[in-house]
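Participant: One structure follows; several queries about it will come next.
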Amino acid sequence: AITLNIRKPIYYIKYYYNNTSLDTQEFTYGTPQNIINNTQNIQGKVFGNWNTEEDGSGTEYEEGQEVNNLATVDGTIINLYAIWYDGVARIGNTYYSTLQLALSDVPTNSPQTTVELLANVSENLTVAKNQNINLDLRNHTVNVTADTLLDNYGTVTISNVILDSSSTNTATINNEKNASLTITGGQVIMSNPEGKQAIYNNGGRLEIQDNVYIEANSTVRATVHTLSNGTTVITGGTIVSTGYSAIINDEATLIVGDSEDDEIKATPTLRGS
C-alpha cells in the first residue's frame with residue numbers, strides 16, 4: 001500500500017503599521033485562525049480595521065476576526081494595513097471623537113444624514129426628536145454596562161449593527177412615542193438576565209427586517225415589547241428569548257410578515273416562551 005502525506009498549503013499575513021511591517025502570522029489552509037489585534041497607537045488617531053489596501057479601499061478585516069482559506073498557494077503572503085481615522089465616527093469627511101457627538105451634530109427637520117461608526121465604542125446614545133439618521137455601524141460594536149444603550153426620539157435606520165447591553169433594569173433600545181426605528185441588519189442583544197428588553201417600543205414605530213438577530217437573556221421582560229399604541233412590523237430576522245417571552249404586544253399593533261396580495265413573503269423566527 002502506498003501512503004501519501006499531502007501537506008496543506010501554508011500562507012502568511014504581514015501586518016503593516018505606517019508602511020512598517022511589525023507582525024507576521026502563519027496560517028494553514030483549512031484551519032481557522034483569528035486576525036491579530038492592533039498593538040500600536042498614533043496620537044490623535046483611532047484604529048479602525050485592517051485592510052488589504054493601504055488607502056483603505058480593499059477588503060476590511062476586524063481585530064480578532066476569524067478567517068480561513070485566504071490563500072490556496074503555499075507560501076503566499078497577504079499584506080494587511082492598519083487603517084487609522086481622525087475619530088470614532090464620521091459624517092461625510094467630518095470626524096468625531098465620540099459617536100454621540102456625531103449624532104448630536106445631525107440637524108433637526110432635515111433630510112436623512114448618514115453617520116458611520118469607525119471603531120468599537122462604549123457609549124449611551126440618544127437621537128433627538130425630528131432628527132433623521134441613517135446609522136451605519138460598519139459591523140463595529142457598541143456596548144454599555146449601565147443605562148439604556150440607545151434612546152430614540154427621532155427617525156433612525158440602523159444597519160450592520162452590533163448593540164450589546166449588560167445593563168441592569170433597562171432595555172438595550174428604547175424607541176419612544178412617535179419615534180421611528182428600522183433595523184436592516186445585525187444584532188441587538190440584552191445579555192444581562194437582570195436586564196429588561198432588547199427593544200422596548202414605547203409608542204413608536206419599529207420595523208425589524210431580514211438578517212436581524214435580536215436576543216434577550218432577561219428573566220423578567222420580553223425580547224421585544226411594544227405598548228402604548230406603538231406599531232411593530234417584523235418582516236424577517238430571528239427574535240430569541242432565553243428566559244421569558246420573545247414578543248409581548250400590549251395595546252399595540254403587531255404586523256408579522258411582508259404581505260403582498262395576501263401572500264406571505266418573509267416570516268421571522270421566534271424562539272421563547
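Ligands are numbered from 1 in the order shown, chains are lettered A, B, ... in the order of the C-alpha cells, and residues start at 1 in each chain.
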Taking 5 positions as the minimum chain separation for residues in the same chain, which residues sit within 7 Å of A:Asp210 when counting only C-alpha atoms? Answer as a list in words.

Facilitator: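 Listed by chain and then number, they are Thr184, Gly185, Thr235, Gly236 and Gly237 of chain A.
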
Participant: Store the residues picked out above in a file with N, CA and C atoms, as an mmCIF file, in the first residue's frame.

Facilitator:
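So the final result, stored in part03.cif, reads:
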```cif
data_model
loop_
_atom_site.group_PDB
_atom_site.id
_atom_site.type_symbol
_atom_site.label_atom_id
_atom_site.label_comp_id
_atom_site.auth_asym_id
_atom_site.auth_seq_id
_atom_site.Cartn_x
_atom_site.Cartn_y
_atom_site.Cartn_z
ATOM 1 N N THR A 184 -32.093 47.052 9.735
ATOM 2 C CA THR A 184 -31.996 46.320 8.472
ATOM 3 C C THR A 184 -31.009 45.168 8.520
ATOM 4 N N GLY A 185 -30.166 45.111 9.542
ATOM 5 C CA GLY A 185 -29.212 44.015 9.625
ATOM 6 C C GLY A 185 -28.324 44.128 10.835
ATOM 7 N N THR A 235 -40.640 41.760 9.389
ATOM 8 C CA THR A 235 -40.664 41.149 8.059
ATOM 9 C C THR A 235 -39.623 40.055 7.893
ATOM 10 N N GLY A 236 -38.875 39.772 8.945
ATOM 11 C CA GLY A 236 -37.856 38.722 8.873
ATOM 12 C C GLY A 236 -36.994 38.760 10.113
ATOM 13 N N GLY A 237 -35.904 38.020 10.083
ATOM 14 C CA GLY A 237 -34.985 38.017 11.207
ATOM 15 C C GLY A 237 -35.298 36.934 12.221
#
```

Participant: Could you list, with a cut-off of 6 Å and counting only C-alpha atoms, the residues of stretch 96-203 of chain A near stretch 70-91 of chain A, each shown with its nearest atom pair and the distance in Å rounded to one decimal, rows sorted by chain and ascending number, as CSV?

Facilitator:
```
residue,atom,partner,partner_atom,distance
A:Tyr96,CA,A:Gly87,CA,4.8
A:Ser97,CA,A:Gly87,CA,4.6
A:Thr98,CA,A:Val88,CA,5.8
A:Leu99,CA,A:Ala89,CA,5.4
A:Val115,CA,A:Ile91,CA,5.1
A:Glu116,CA,A:Arg90,CA,5.4
A:Leu117,CA,A:Ala89,CA,4.5
A:Leu118,CA,A:Val88,CA,5.0
A:Ala119,CA,A:Val88,CA,5.3
```

Participant: Stretch 19-225 of chain A: which residues are alpha helix (DSSP H) by DSSP, as an MDAnalysis selection string?

Facilitator: chainID A and resid 99:104

Participant: Let's have the selection written as a compact mmCIF listing (two decimals), in the first residue's frame, with C-alpha atoms.

Facilitator:
```txt
# COMPACT_ATOMS: atom_id res chain seq x y z
CA LEU A 99 -20.48 58.57 18.31
CA GLN A 100 -22.85 60.72 20.37
CA LEU A 101 -21.11 63.90 19.19
CA ALA A 102 -21.76 62.82 15.61
CA LEU A 103 -25.41 62.04 16.34
CA SER A 104 -25.85 65.38 18.11
```

Participant: Can you tell me which residues surround A:Ile158 at a distance of at most 8 Å, considering only C-alpha atoms, apart from same-chain residues fewer than 3 positions away, and format the answer as a VMD selection string?

Facilitator: chain A and resid 134 to 137 161 181 to 185

Participant: Just to be explicit: take each residue in the selection above, keep N, CA, C and O atoms, and write the result as a compact mmCIF listing (two decimals), in the first residue's frame.

Facilitator:
```txt
# COMPACT_ATOMS: atom_id res chain seq x y z
N ASN A 134 -29.41 57.84 9.33
CA ASN A 134 -29.03 56.51 8.86
C ASN A 134 -27.74 56.14 9.58
O ASN A 134 -26.68 56.69 9.29
N LEU A 135 -27.83 55.24 10.54
CA LEU A 135 -26.69 54.89 11.39
C LEU A 135 -26.08 53.59 10.89
O LEU A 135 -26.66 52.51 11.04
N ASP A 136 -24.91 53.69 10.28
CA ASP A 136 -24.19 52.53 9.76
C ASP A 136 -23.04 52.22 10.70
O ASP A 136 -22.05 52.94 10.75
N LEU A 137 -23.19 51.13 11.44
CA LEU A 137 -22.16 50.77 12.42
C LEU A 137 -21.00 49.99 11.81
O LEU A 137 -20.04 49.68 12.50
N VAL A 161 -25.30 46.39 12.45
CA VAL A 161 -25.30 46.80 13.84
C VAL A 161 -24.90 45.65 14.77
O VAL A 161 -25.26 44.51 14.54
N LEU A 181 -37.97 53.55 14.26
CA LEU A 181 -36.71 52.80 14.25
C LEU A 181 -36.81 51.65 13.28
O LEU A 181 -37.72 50.82 13.39
N THR A 182 -35.90 51.58 12.32
CA THR A 182 -35.83 50.48 11.36
C THR A 182 -34.47 49.83 11.48
O THR A 182 -33.44 50.51 11.41
N ILE A 183 -34.45 48.51 11.68
CA ILE A 183 -33.19 47.76 11.78
C ILE A 183 -33.11 46.85 10.56
O ILE A 183 -33.96 45.97 10.37
N THR A 184 -32.09 47.05 9.74
CA THR A 184 -32.00 46.32 8.47
C THR A 184 -31.01 45.17 8.52
O THR A 184 -31.01 44.32 7.62
N GLY A 185 -30.17 45.11 9.54
CA GLY A 185 -29.21 44.01 9.63
C GLY A 185 -28.32 44.13 10.83
O GLY A 185 -27.97 45.23 11.25
```

Participant: Mind pulling up the distance from atom CA of A:Tyr153 to atom CA of A:Gln131?

Facilitator: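 Rounded to one decimal, the two atoms are 8.1 Å apart.
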
Participant: Name the residues in contact with A:Gln40 at a cut-off of 10 Å, using only C-alpha atoms, excluding same-chain residues fewer than 6 positions from it; report them as a PyMOL selection string.

Facilitator: chain A and resi 17+22+47+82

Participant: Kindly indicate which residue among A:Val67, A:Ile173, A:Val256, A:Ile35 lies nearest to A:Gly204, using only C-alpha atoms for the distances.

Facilitator: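 Under the stated criterion, the closest residue is A:Ile173.
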
Participant: Tell me, in Å to one decimal, how far atom CA of A:Asn201 is from atom CA of A:Thr231.

Facilitator: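 About the pair atom CA of A:Asn201 and atom CA of A:Thr231: they are 7.9 Å apart.
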
Participant: Using DSSP on the backbone coordinates, identify all residues within stretch 34-134 of chain A classified as strand (DSSP E or B); present the result as a count of residues only.

Facilitator: 40

Participant: May I ask for the distance between atom CA of A:Ile10 and atom CA of A:Asn34, given in Å to one decimal place?

Facilitator: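 One can read the atom CA of A:Ile10 to atom CA of A:Asn34 distance as 15.2 Å.
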
Participant: Between A:Asp151, A:Glu63, A:Glu194, A:Glu215, which residue has the minimum interatomic distance to A:Ile36, considering only C-alpha atoms?

Facilitator: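 When distances to A:Ile36 are compared using only C-alpha atoms, the smallest one comes from A:Glu63.
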
Participant: Need to verify the contact set: A:Tyr200, 10 Å, only C-alpha atoms, exclusion of same-chain residues closer than 2 positions in sequence. Can you return it as an NGL selection string?

Facilitator: :A and (151 or 170-176 or 196-198 or 202-204 or 206 or 221-227 or 248)

Participant: Produce a file of the selected residues containing N, CA and C atoms, as an mmCIF file, in the first residue's frame.

Facilitator:
```
data_model
loop_
_atom_site.group_PDB
_atom_site.id
_atom_site.type_symbol
_atom_site.label_atom_id
_atom_site.label_comp_id
_atom_site.auth_asym_id
_atom_site.auth_seq_id
_atom_site.Cartn_x
_atom_site.Cartn_y
_atom_site.Cartn_z
ATOM 1 N N ASP A 151 -31.554 55.641 23.217
ATOM 2 C CA ASP A 151 -32.872 56.236 23.365
ATOM 3 C C ASP A 151 -33.198 56.970 22.069
ATOM 4 N N THR A 170 -32.736 48.072 32.609
ATOM 5 C CA THR A 170 -33.021 48.943 31.473
ATOM 6 C C THR A 170 -33.034 48.089 30.203
ATOM 7 N N ALA A 171 -33.617 48.644 29.133
ATOM 8 C CA ALA A 171 -33.606 47.977 27.830
ATOM 9 C C ALA A 171 -32.351 48.359 27.058
ATOM 10 N N THR A 172 -32.016 47.552 26.052
ATOM 11 C CA THR A 172 -30.910 47.921 25.173
ATOM 12 C C THR A 172 -31.301 49.130 24.330
ATOM 13 N N ILE A 173 -32.502 49.088 23.732
ATOM 14 C CA ILE A 173 -33.014 50.206 22.936
ATOM 15 C C ILE A 173 -34.382 50.607 23.461
ATOM 16 N N ASN A 174 -34.582 51.894 23.699
ATOM 17 C CA ASN A 174 -35.894 52.465 23.936
ATOM 18 C C ASN A 174 -36.313 53.236 22.681
ATOM 19 N N ASN A 175 -37.414 52.822 22.066
ATOM 20 C CA ASN A 175 -37.975 53.550 20.929
ATOM 21 C C ASN A 175 -39.203 54.296 21.440
ATOM 22 N N GLU A 176 -39.067 55.617 21.566
ATOM 23 C CA GLU A 176 -40.053 56.382 22.305
ATOM 24 C C GLU A 176 -41.268 56.758 21.450
ATOM 25 N N LYS A 196 -33.677 44.287 31.076
ATOM 26 C CA LYS A 196 -35.038 44.282 30.567
ATOM 27 C C LYS A 196 -35.041 43.869 29.095
ATOM 28 N N GLN A 197 -35.807 44.566 28.289
ATOM 29 C CA GLN A 197 -35.977 44.164 26.893
ATOM 30 C C GLN A 197 -34.729 44.455 26.045
ATOM 31 N N ALA A 198 -34.609 43.692 24.954
ATOM 32 C CA ALA A 198 -33.632 44.093 23.949
ATOM 33 C C ALA A 198 -34.143 45.350 23.249
ATOM 34 N N ASN A 202 -41.964 51.932 22.946
ATOM 35 C CA ASN A 202 -42.902 52.624 23.828
ATOM 36 C C ASN A 202 -43.721 53.658 23.038
ATOM 37 N N GLY A 203 -44.572 53.153 22.143
ATOM 38 C CA GLY A 203 -45.451 54.045 21.406
ATOM 39 C C GLY A 203 -44.899 54.565 20.106
ATOM 40 N N GLY A 204 -43.784 54.000 19.635
ATOM 41 C CA GLY A 204 -43.218 54.411 18.358
ATOM 42 C C GLY A 204 -43.491 53.389 17.272
ATOM 43 N N LEU A 206 -41.598 50.510 15.024
ATOM 44 C CA LEU A 206 -40.408 49.661 14.967
ATOM 45 C C LEU A 206 -40.549 48.710 13.791
ATOM 46 N N ARG A 221 -38.449 40.210 31.362
ATOM 47 C CA ARG A 221 -39.028 41.009 30.294
ATOM 48 C C ARG A 221 -38.881 40.277 28.950
ATOM 49 N N ALA A 222 -39.781 40.613 28.012
ATOM 50 C CA ALA A 222 -39.737 40.029 26.676
ATOM 51 C C ALA A 222 -38.572 40.621 25.880
ATOM 52 N N THR A 223 -38.194 39.930 24.823
ATOM 53 C CA THR A 223 -37.125 40.429 23.957
ATOM 54 C C THR A 223 -37.563 41.693 23.244
ATOM 55 N N VAL A 224 -38.769 41.679 22.648
ATOM 56 C CA VAL A 224 -39.341 42.858 22.004
ATOM 57 C C VAL A 224 -40.698 43.120 22.650
ATOM 58 N N HIS A 225 -40.855 44.305 23.229
ATOM 59 C CA HIS A 225 -42.082 44.659 23.936
ATOM 60 C C HIS A 225 -42.624 45.948 23.326
ATOM 61 N N THR A 226 -43.848 45.872 22.798
ATOM 62 C CA THR A 226 -44.493 47.035 22.198
ATOM 63 C C THR A 226 -45.736 47.379 23.003
ATOM 64 N N LEU A 227 -45.909 48.677 23.276
ATOM 65 C CA LEU A 227 -47.068 49.108 24.055
ATOM 66 C C LEU A 227 -47.417 50.542 23.705
ATOM 67 N N ILE A 248 -43.946 40.559 23.360
ATOM 68 C CA ILE A 248 -45.168 40.944 24.051
ATOM 69 C C ILE A 248 -45.728 42.173 23.353
#
```

Participant: Counting only C-alpha atoms, which residue out of A:Leu4, A:Ala179, A:Val188, A:Ala252 sits closest to A:Thr141?

Facilitator: A:Val188

Participant: Could you name the residues that touch A:Gly154 at 7 Å or less, counting only C-alpha atoms, but leaving out those on the same chain fewer than 3 positions away, as a ChimeraX atom specification?

Facilitator: /A:127-132,179-180

Participant: Determine the nearest neighbour of A:Ser191 from the options A:Leu150, A:Ile255, A:Ile208, A:Val144, counting only C-alpha atoms.

Facilitator: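 Once distances to A:Ser191 are computed over only C-alpha atoms, the minimum belongs to A:Val144.
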